[in-house]
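Heads up: the structure comes next, in structure tokens.
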Amino acid sequence: MKKEEWGRSGAGLVSDRWPKDEAGRAEESAFLCTRSNTDMSDELTVNMLEAYGIPCVRDYPGNGSFGRVIMGASGTGVDIFVPKSMLETAQKLIEGVENDEEL
């Protein structure tokens, strides 16, 4: 039985949910979008995708990882990647959110 760890991101959890091919290799990732780290839009996007069962990985371009450690936020933004087979669904989800924000 898997132990739940509330409020803590566990290493390896994304890889457990990431789709794999017939040989057991992780599916290729696809770039979804870049979000700001200063207004929490990256957290909201990742949490929404995870709620719909779409695993995602964040990448902090440039020296963004350093800024995140020192200042608590990346000034260069956050690139979000999803499995290639789930890219279209993820794009539709974030388009729906962006359209709602315009109302």
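A note on labels: chains of the structure tokens are A, B, ... as shown, every chain counts residues from 1, and ligands are counted from 1 in their shown order.
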- Name all residues at most 8 Å from Arg17 of chain A (count only C-alpha atoms; drop same-chain ones fewer than 3 positions away) and give them as a count of residues only. 3
- Do a neighbour search on Val46 of chain A at 10 Å with only C-alpha atoms, toss out local chain neighbours closer than 3 positions, and write the hits as a ChimeraX atom specification. /A:35,41-43,49-51,54-58,80-82
Let me see the file: selected residues, N, CA and C atoms, as a short mmCIF file (atom, residue, chain, number, x, y, z; two decimals), in the first residue's frame.
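out27.cif was written with the following content:
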data_model
loop_
_atom_site.label_atom_id
_atom_site.label_comp_id
_atom_site.auth_asym_id
_atom_site.auth_seq_id
_atom_site.Cartn_x
_atom_site.Cartn_y
_atom_site.Cartn_z
N ARG A 35 4.45 29.70 -18.06
CA ARG A 35 3.64 30.43 -17.09
C ARG A 35 4.56 31.22 -16.17
N SER A 41 0.48 31.31 -11.32
CA SER A 41 -0.25 30.72 -12.45
C SER A 41 0.34 29.38 -12.85
N ASP A 42 1.63 29.16 -12.58
CA ASP A 42 2.20 27.85 -12.86
C ASP A 42 1.60 26.79 -11.95
N GLU A 43 1.44 27.11 -10.67
CA GLU A 43 0.84 26.17 -9.71
C GLU A 43 -0.60 25.86 -10.08
N LEU A 49 -4.14 20.46 -14.38
CA LEU A 49 -3.78 19.33 -15.24
C LEU A 49 -3.75 18.03 -14.44
N GLU A 50 -3.16 18.07 -13.27
CA GLU A 50 -3.10 16.88 -12.42
C GLU A 50 -4.50 16.42 -12.01
N ALA A 51 -5.41 17.38 -11.76
CA ALA A 51 -6.78 17.02 -11.40
C ALA A 51 -7.49 16.28 -12.53
N ILE A 54 -3.57 14.45 -15.98
CA ILE A 54 -2.48 14.72 -16.92
C ILE A 54 -1.23 15.04 -16.12
N PRO A 55 -0.26 14.12 -16.12
CA PRO A 55 0.98 14.41 -15.40
C PRO A 55 1.77 15.49 -16.13
N CYS A 56 2.51 16.29 -15.39
CA CYS A 56 3.29 17.34 -16.04
C CYS A 56 4.59 17.57 -15.29
N VAL A 57 5.53 18.15 -16.02
CA VAL A 57 6.85 18.45 -15.49
C VAL A 57 7.13 19.92 -15.74
N ARG A 58 7.74 20.56 -14.76
CA ARG A 58 8.12 21.96 -14.89
C ARG A 58 9.61 22.08 -15.16
N ILE A 80 6.07 24.33 -18.94
CA ILE A 80 5.33 23.14 -18.50
C ILE A 80 5.27 22.15 -19.67
N PHE A 81 5.62 20.91 -19.37
CA PHE A 81 5.63 19.83 -20.35
C PHE A 81 4.66 18.74 -19.91
N VAL A 82 4.00 18.11 -20.89
CA VAL A 82 3.07 17.01 -20.64
C VAL A 82 3.41 15.86 -21.58
#
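For the pair atom CA of Ile94 of chain A and atom CA of Thr45 of chain A, the separation is 7.4 Å.
Remark: for Val78 of chain A, the closest of the candidate residues A:Glu27, A:Asp39, A:Asp16, A:Asp21 is A:Asp39 (distances computed over only C-alpha atoms).
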- Query: Can you tell me, as a ChimeraX atom specification, what residues are no more than 10 Å from Gln91 of chain A when counting only C-alpha atoms, ignoring any on the same chain fewer than 3 positions away?
  - Reply: /A:32-33,49,82,86-88,94-96
Could you save those same residues with N, CA, C and O atoms as a compact mmCIF listing (two decimals), in the first residue's frame?
# COMPACT_ATOMS: atom_id res chain seq x y z
N LEU A 32 3.95 22.46 -23.43
CA LEU A 32 2.57 22.94 -23.36
C LEU A 32 2.51 24.46 -23.32
O LEU A 32 1.85 25.08 -24.13
N CYS A 33 3.21 25.08 -22.37
CA CYS A 33 3.12 26.53 -22.22
C CYS A 33 4.19 27.04 -21.27
O CYS A 33 4.85 26.26 -20.60
N LEU A 49 -4.14 20.46 -14.38
CA LEU A 49 -3.78 19.33 -15.24
C LEU A 49 -3.75 18.03 -14.44
O LEU A 49 -4.29 17.00 -14.88
N VAL A 82 4.00 18.11 -20.89
CA VAL A 82 3.07 17.01 -20.64
C VAL A 82 3.41 15.86 -21.58
O VAL A 82 4.15 16.05 -22.55
N MET A 86 -1.06 13.39 -24.54
CA MET A 86 -2.06 14.15 -23.79
C MET A 86 -2.00 15.64 -24.11
O MET A 86 -2.73 16.44 -23.51
N LEU A 87 -1.13 16.03 -25.05
CA LEU A 87 -0.92 17.45 -25.35
C LEU A 87 -2.20 18.13 -25.79
O LEU A 87 -2.55 19.21 -25.31
N GLU A 88 -2.94 17.55 -26.71
CA GLU A 88 -4.15 18.19 -27.25
C GLU A 88 -5.18 18.42 -26.14
O GLU A 88 -5.78 19.50 -26.05
N ILE A 94 -6.29 24.37 -20.92
CA ILE A 94 -5.77 25.70 -20.59
C ILE A 94 -6.40 26.78 -21.46
O ILE A 94 -6.54 27.91 -21.02
N GLU A 95 -6.82 26.44 -22.68
CA GLU A 95 -7.55 27.41 -23.51
C GLU A 95 -8.87 27.77 -22.86
O GLU A 95 -9.27 28.93 -22.85
N GLY A 96 -9.54 26.79 -22.29
CA GLY A 96 -10.81 27.04 -21.60
C GLY A 96 -10.63 27.97 -20.42
O GLY A 96 -11.43 28.88 -20.20
- Item | Those in segment 13-93 of chain A with strand (DSSP E or B) from DSSP, as JSON, numbers by chain | {"A": [20, 26, 29, 30, 31, 32, 33, 34, 35, 57, 58, 59, 78, 79, 80, 81, 82, 83]}
Selected residues, N, CA, C and O atoms, written as an mmCIF file, in the first residue's frame, please.
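Once written, selection-v6.cif looks like this:
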data_model
loop_
_atom_site.group_PDB
_atom_site.id
_atom_site.type_symbol
_atom_site.label_atom_id
_atom_site.label_comp_id
_atom_site.auth_asym_id
_atom_site.auth_seq_id
_atom_site.Cartn_x
_atom_site.Cartn_y
_atom_site.Cartn_z
ATOM 1 N N LYS A 20 3.810 5.075 -20.495
ATOM 2 C CA LYS A 20 4.975 4.344 -20.987
ATOM 3 C C LYS A 20 4.595 3.544 -22.235
ATOM 4 O O LYS A 20 3.441 3.180 -22.419
ATOM 5 N N ALA A 26 9.458 5.699 -20.877
ATOM 6 C CA ALA A 26 8.587 6.865 -20.707
ATOM 7 C C ALA A 26 8.293 7.504 -22.058
ATOM 8 O O ALA A 26 9.180 7.630 -22.906
ATOM 9 N N SER A 29 7.965 13.803 -23.960
ATOM 10 C CA SER A 29 7.242 14.958 -23.441
ATOM 11 C C SER A 29 7.051 15.986 -24.546
ATOM 12 O O SER A 29 7.774 16.006 -25.533
ATOM 13 N N ALA A 30 6.052 16.850 -24.360
ATOM 14 C CA ALA A 30 5.754 17.905 -25.322
ATOM 15 C C ALA A 30 5.566 19.219 -24.562
ATOM 16 O O ALA A 30 4.950 19.248 -23.495
ATOM 17 N N PHE A 31 6.097 20.297 -25.113
ATOM 18 C CA PHE A 31 5.953 21.622 -24.505
ATOM 19 C C PHE A 31 4.498 22.051 -24.563
ATOM 20 O O PHE A 31 3.862 22.009 -25.609
ATOM 21 N N LEU A 32 3.951 22.460 -23.426
ATOM 22 C CA LEU A 32 2.570 22.937 -23.361
ATOM 23 C C LEU A 32 2.511 24.457 -23.320
ATOM 24 O O LEU A 32 1.846 25.079 -24.130
ATOM 25 N N CYS A 33 3.207 25.078 -22.366
ATOM 26 C CA CYS A 33 3.117 26.533 -22.223
ATOM 27 C C CYS A 33 4.192 27.043 -21.269
ATOM 28 O O CYS A 33 4.853 26.260 -20.602
ATOM 29 N N THR A 34 4.315 28.358 -21.226
ATOM 30 C CA THR A 34 5.165 29.018 -20.242
ATOM 31 C C THR A 34 4.254 29.835 -19.343
ATOM 32 O O THR A 34 3.376 30.547 -19.822
ATOM 33 N N ARG A 35 4.447 29.699 -18.065
ATOM 34 C CA ARG A 35 3.638 30.428 -17.089
ATOM 35 C C ARG A 35 4.556 31.221 -16.174
ATOM 36 O O ARG A 35 5.720 30.895 -15.987
ATOM 37 N N VAL A 57 5.527 18.150 -16.019
ATOM 38 C CA VAL A 57 6.851 18.450 -15.489
ATOM 39 C C VAL A 57 7.129 19.918 -15.735
ATOM 40 O O VAL A 57 6.794 20.457 -16.786
ATOM 41 N N ARG A 58 7.737 20.559 -14.757
ATOM 42 C CA ARG A 58 8.115 21.964 -14.886
ATOM 43 C C ARG A 58 9.612 22.084 -15.165
ATOM 44 O O ARG A 58 10.408 21.329 -14.620
ATOM 45 N N ASP A 59 9.951 23.044 -15.991
ATOM 46 C CA ASP A 59 11.352 23.343 -16.272
ATOM 47 C C ASP A 59 11.525 24.848 -16.110
ATOM 48 O O ASP A 59 10.708 25.630 -16.599
ATOM 49 N N VAL A 78 8.130 29.596 -16.036
ATOM 50 C CA VAL A 78 8.168 28.150 -15.899
ATOM 51 C C VAL A 78 7.620 27.532 -17.179
ATOM 52 O O VAL A 78 6.515 27.871 -17.605
ATOM 53 N N ASP A 79 8.387 26.650 -17.796
ATOM 54 C CA ASP A 79 7.902 25.894 -18.949
ATOM 55 C C ASP A 79 7.249 24.620 -18.434
ATOM 56 O O ASP A 79 7.826 23.923 -17.591
ATOM 57 N N ILE A 80 6.067 24.327 -18.940
ATOM 58 C CA ILE A 80 5.331 23.138 -18.504
ATOM 59 C C ILE A 80 5.270 22.155 -19.665
ATOM 60 O O ILE A 80 4.895 22.520 -20.780
ATOM 61 N N PHE A 81 5.617 20.907 -19.367
ATOM 62 C CA PHE A 81 5.626 19.829 -20.348
ATOM 63 C C PHE A 81 4.664 18.735 -19.906
ATOM 64 O O PHE A 81 4.534 18.468 -18.711
ATOM 65 N N VAL A 82 4.000 18.113 -20.887
ATOM 66 C CA VAL A 82 3.065 17.012 -20.637
ATOM 67 C C VAL A 82 3.409 15.858 -21.580
ATOM 68 O O VAL A 82 4.146 16.048 -22.546
ATOM 69 N N PRO A 83 2.865 14.673 -21.332
ATOM 70 C CA PRO A 83 3.086 13.583 -22.282
ATOM 71 C C PRO A 83 2.538 13.957 -23.657
ATOM 72 O O PRO A 83 1.479 14.584 -23.763
#
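The space between atom CA of Gly77 of chain A and atom CA of Leu44 of chain A spans 13.7 Å.
Between atom CA of Thr38 of chain A and atom CA of Trp18 of chain A the interatomic distance comes to 27.0 Å.
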